[in-house]
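Everything on this sheet refers to the single structure shown next.
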Amino acid sequence: MPQTKHPANPVKLLSRASLASLPPRRPDAQKGDFGHVLVVGGDLGTGGAVLLSSEAALRCGAGLVSIATRPEHVPAALARLPETMCLGVSSANQLMTVLERASVLVVGPGLGQAAWGRSLLSAVANAERPQVWDADALNLLARTPLALPSASILTPHPGEAARLLGVSTEAVQADRPGAARKLARRYASICVLKGAGTLVADPAGQVALCGRGHPAMAGAGLGDVLTGVLAALLAQGLDAWSAACLGVWLHACAGERLGVKGRGLAASDLLPVIRELLEEHSACQV
């Protein structure tokens, strides 16, 4: 007789009641209490991705946000996000000082797969900090095995998941919970498998399903926003599982709230709504 898959670990539906909360902030709170997120990426032609992730981290409460990107992108980054510290890097050696200062790392948005991106990814992978890996960091990981630091989060879409597992995208979609579990176990990290019905899986086989969202979210840059949200939650003290579940839920609910307006949803449209939803869920001051 065929066996039922994963009988001891049924997929759980995410709900607001099951999500972790950020604690209220003390009256004497200061920026150093809420982490320092470093976003690494933005090769030539894809500089906007790091800006979306960085702004999402700012809007979700990270105390400090730094950007490490191509020197050519620094003026535009500072014009759009003067609240960030922006470093132009031409090689991994220039990354080392800011890596030491950061408490949470984001790598992948707009990183590219050329020598510049490969060298930066190698430097990040060796830093013992909680990390969020997205986009080209995952494509490079599929080509060059690397050990991720503990408390990390992977955020593949189905195509990236297929490359990491060495299977077809169709195979991933045919058993999304199984694919998410395999990735979480293989990389000893939390896996966020994006798509309609985003899944969060941990290495022990636990899987949570997000039933929120809207088809209007099918557009460029929304994954970069999610990455920044996850990093901000990690920076403020949530563990990787709790941050992934809350971040996925906030992101999907924001898209759902805006999706009623129809097509043309831009990734940056989500930022003020995610901020509102986070405040509704975890008030900054009580």
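Residue numbers start at 1 in each chain; chains themselves are named A, B, ... in the order of the structure tokens; ligands are numbered from 1 in the order shown.
Taking only C-alpha atoms, the non-local environment of Val273 of chain A within 6 Å (same-chain residues fewer than 3 positions away omitted) comprises Ala254, Leu270 and Glu276 of chain A.
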Excluding Ile190 of chain A and any residue of its chain fewer than 6 positions from it, enumerate the residues within 8 Å of it, using only C-alpha atoms, and give them as a PDB file with N, CA, C and O atoms, in the first residue's frame.
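Full text of out.pdb as output:
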```pdb
ATOM      1  N   ALA A 151      20.432  29.769  11.616  1.00  0.00           N
ATOM      2  CA  ALA A 151      19.383  30.793  11.713  1.00  0.00           C
ATOM      3  C   ALA A 151      19.214  31.577  10.418  1.00  0.00           C
ATOM      4  O   ALA A 151      18.846  32.756  10.429  1.00  0.00           O
ATOM      5  N   SER A 152      19.478  30.930   9.277  1.00  0.00           N
ATOM      6  CA  SER A 152      19.311  31.582   7.983  1.00  0.00           C
ATOM      7  C   SER A 152      17.964  31.235   7.361  1.00  0.00           C
ATOM      8  O   SER A 152      17.313  30.258   7.742  1.00  0.00           O
ATOM      9  N   ILE A 153      17.560  32.049   6.378  1.00  0.00           N
ATOM     10  CA  ILE A 153      16.298  31.856   5.666  1.00  0.00           C
ATOM     11  C   ILE A 153      16.587  31.881   4.170  1.00  0.00           C
ATOM     12  O   ILE A 153      17.249  32.807   3.674  1.00  0.00           O
ATOM     13  N   LEU A 154      16.104  30.878   3.451  1.00  0.00           N
ATOM     14  CA  LEU A 154      16.151  30.844   1.990  1.00  0.00           C
ATOM     15  C   LEU A 154      14.777  31.209   1.450  1.00  0.00           C
ATOM     16  O   LEU A 154      13.757  30.747   1.977  1.00  0.00           O
ATOM     17  N   ALA A 184      14.819  22.824   3.278  1.00  0.00           N
ATOM     18  CA  ALA A 184      15.098  23.186   4.673  1.00  0.00           C
ATOM     19  C   ALA A 184      16.082  22.198   5.304  1.00  0.00           C
ATOM     20  O   ALA A 184      16.999  22.603   6.027  1.00  0.00           O
ATOM     21  N   VAL A 200       6.315  27.854   4.411  1.00  0.00           N
ATOM     22  CA  VAL A 200       7.474  28.026   5.285  1.00  0.00           C
ATOM     23  C   VAL A 200       7.788  26.660   5.880  1.00  0.00           C
ATOM     24  O   VAL A 200       6.902  26.016   6.450  1.00  0.00           O
ATOM     25  N   ALA A 201       9.024  26.207   5.725  1.00  0.00           N
ATOM     26  CA  ALA A 201       9.422  24.883   6.225  1.00  0.00           C
ATOM     27  C   ALA A 201      10.680  25.004   7.062  1.00  0.00           C
ATOM     28  O   ALA A 201      11.529  25.858   6.810  1.00  0.00           O
ATOM     29  N   ASP A 202      10.786  24.122   8.074  1.00  0.00           N
ATOM     30  CA  ASP A 202      12.007  24.078   8.875  1.00  0.00           C
ATOM     31  C   ASP A 202      12.684  22.722   8.707  1.00  0.00           C
ATOM     32  O   ASP A 202      12.104  21.784   8.147  1.00  0.00           O
ATOM     33  N   PRO A 203      13.925  22.569   9.156  1.00  0.00           N
ATOM     34  CA  PRO A 203      14.655  21.315   8.936  1.00  0.00           C
ATOM     35  C   PRO A 203      14.032  20.100   9.610  1.00  0.00           C
ATOM     36  O   PRO A 203      14.300  18.963   9.203  1.00  0.00           O
ATOM     37  N   ALA A 240      14.313  32.596  13.281  1.00  0.00           N
ATOM     38  CA  ALA A 240      14.117  32.493  11.837  1.00  0.00           C
ATOM     39  C   ALA A 240      12.732  31.961  11.476  1.00  0.00           C
ATOM     40  O   ALA A 240      12.088  32.464  10.538  1.00  0.00           O
ATOM     41  N   TRP A 241      12.230  30.956  12.188  1.00  0.00           N
ATOM     42  CA  TRP A 241      10.903  30.416  11.897  1.00  0.00           C
ATOM     43  C   TRP A 241       9.834  31.477  12.135  1.00  0.00           C
ATOM     44  O   TRP A 241       8.968  31.711  11.272  1.00  0.00           O
ATOM     45  N   ALA A 244      10.020  34.264   9.543  1.00  0.00           N
ATOM     46  CA  ALA A 244       9.541  33.841   8.230  1.00  0.00           C
ATOM     47  C   ALA A 244       8.018  33.780   8.188  1.00  0.00           C
ATOM     48  O   ALA A 244       7.392  34.269   7.244  1.00  0.00           O
TER      49      ALA A 244
END
```
Compile the contact shell of Gln236 of chain A as JSON, numbers by chain: residues with an atom at most 7 Å away, counting only C-alpha atoms, same-chain residues fewer than 2 positions apart removed.
{"A": [34, 35, 62, 232, 233, 234, 238]}
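Distances here use only C-alpha atoms; by that measure, the residue among A:Val286, A:Ala231, A:Ala135, A:Met217 closest to Gly255 of chain A is A:Met217.
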Distance query Val248 of chain A at most 12 Å, only C-alpha atoms, self and fewer than 3 positions along chain excluded, as an MDAnalysis selection string
chainID A and resid 14:16 19 153 155 191:201 208:213 222:223 225:231 233 240:245 251:255 274 278
Per-residue DSSP, segment 20-224 of chain A, filtered to helix (DSSP H, G or I), as a PyMOL selection string:
chain A and resi 31-34+48-59+71-80+92-101+115-125+136-143+158-165+169-174+176-186+215-217+222-224
